[in-house]
Amino acid sequence: MHPSEKTRQAMLQSLYKVYERWAARFSSACTIGCSTCCTRNVTMTTLEGGQAIRCLADNGRQDHLDTIFKNN
């Protein structure tokens with residue numbers, strides 16, 4: 001039996017929290033204005049894509065969604 005969408009989302013959020021705690025121990029090479037690493041060869045699961053879409057919609061960023069879907 002597969003977990004429900006709500007359960008999968010909760011599991012994903014838990015995974016993000018564990019990763020954030022782990023990653024906080026390290027310094028980052030990221031700088032303001034740099035986006036090379038974040039925009040090349042980016043992969044995500046359907047679950048993560050759905051999360052990103054909901055986050056944009058929930059935070060009033062429908063304009064980003066419109067741009068993304070207009071270009072596809």
# chains A, B, ... in the order shown; residues from 1 in each chain; ligands from 1

$ residues_around --residues "segment 36-49 of chain A" --least-positions-apart "3" --cutoff "10 Å" --atoms "only C-alpha atoms" --output "PyMOL selection string"
chain A and resi 5+8-9+12-13+29-30+33+52-55

$ write_last_selection --atoms "N, CA and C atoms" --output "PDB file, in the first residue's frame"
ATOM      1  N   GLU A   5      -0.845  11.195  -0.408  1.00  0.00           N
ATOM      2  CA  GLU A   5      -0.139  12.416  -0.806  1.00  0.00           C
ATOM      3  C   GLU A   5       0.229  13.226   0.435  1.00  0.00           C
ATOM      4  N   ARG A   8       3.157  11.600   2.135  1.00  0.00           N
ATOM      5  CA  ARG A   8       4.387  11.807   1.359  1.00  0.00           C
ATOM      6  C   ARG A   8       4.905  13.229   1.540  1.00  0.00           C
ATOM      7  N   GLN A   9       4.002  14.212   1.557  1.00  0.00           N
ATOM      8  CA  GLN A   9       4.410  15.604   1.772  1.00  0.00           C
ATOM      9  C   GLN A   9       5.025  15.777   3.165  1.00  0.00           C
ATOM     10  N   LEU A  12       8.475  14.330   3.125  1.00  0.00           N
ATOM     11  CA  LEU A  12       9.389  15.214   2.419  1.00  0.00           C
ATOM     12  C   LEU A  12       9.804  16.377   3.314  1.00  0.00           C
ATOM     13  N   GLN A  13       8.853  16.974   4.024  1.00  0.00           N
ATOM     14  CA  GLN A  13       9.171  18.082   4.940  1.00  0.00           C
ATOM     15  C   GLN A  13      10.116  17.618   6.043  1.00  0.00           C
ATOM     16  N   ALA A  29      29.297  27.824  -0.431  1.00  0.00           N
ATOM     17  CA  ALA A  29      29.980  28.575  -1.483  1.00  0.00           C
ATOM     18  C   ALA A  29      29.018  29.541  -2.170  1.00  0.00           C
ATOM     19  N   CYS A  30      27.762  29.506  -1.812  1.00  0.00           N
ATOM     20  CA  CYS A  30      26.754  30.359  -2.446  1.00  0.00           C
ATOM     21  C   CYS A  30      26.982  31.817  -2.091  1.00  0.00           C
ATOM     22  N   GLY A  33      23.514  36.702  -5.911  1.00  0.00           N
ATOM     23  CA  GLY A  33      23.649  36.932  -7.340  1.00  0.00           C
ATOM     24  C   GLY A  33      24.154  35.730  -8.111  1.00  0.00           C
ATOM     25  N   ALA A  52       6.899  22.631  -4.741  1.00  0.00           N
ATOM     26  CA  ALA A  52       7.350  23.937  -5.241  1.00  0.00           C
ATOM     27  C   ALA A  52       6.189  24.730  -5.826  1.00  0.00           C
ATOM     28  N   ILE A  53       5.335  24.073  -6.590  1.00  0.00           N
ATOM     29  CA  ILE A  53       4.176  24.742  -7.185  1.00  0.00           C
ATOM     30  C   ILE A  53       3.236  25.257  -6.106  1.00  0.00           C
ATOM     31  N   ARG A  54       2.960  24.426  -5.092  1.00  0.00           N
ATOM     32  CA  ARG A  54       2.076  24.851  -3.998  1.00  0.00           C
ATOM     33  C   ARG A  54       2.686  26.025  -3.237  1.00  0.00           C
ATOM     34  N   CYS A  55       3.987  25.983  -3.007  1.00  0.00           N
ATOM     35  CA  CYS A  55       4.663  27.059  -2.276  1.00  0.00           C
ATOM     36  C   CYS A  55       4.545  28.374  -3.041  1.00  0.00           C
TER      37      CYS A  55
END

$ select_by_dssp --residues "segment 12-56 of chain A" --states "helix (DSSP H, G or I)" --output "list in words"
Leu12, Gln13, Ser14, Leu15, Tyr16, Lys17, Val18, Tyr19, Glu20, Arg21, Trp22, Ala23, Thr36, Cys37, Cys38, Thr39, Thr46, Leu47, Glu48, Gly49, Gly50, Gln51, Ala52, Ile53, Arg54, Cys55 and Leu56 of chain A

$ atom_distance --atom1 "atom CA of Asp66 of chain A" --atom2 "atom CA of Gly50 of chain A"
15.0 Å
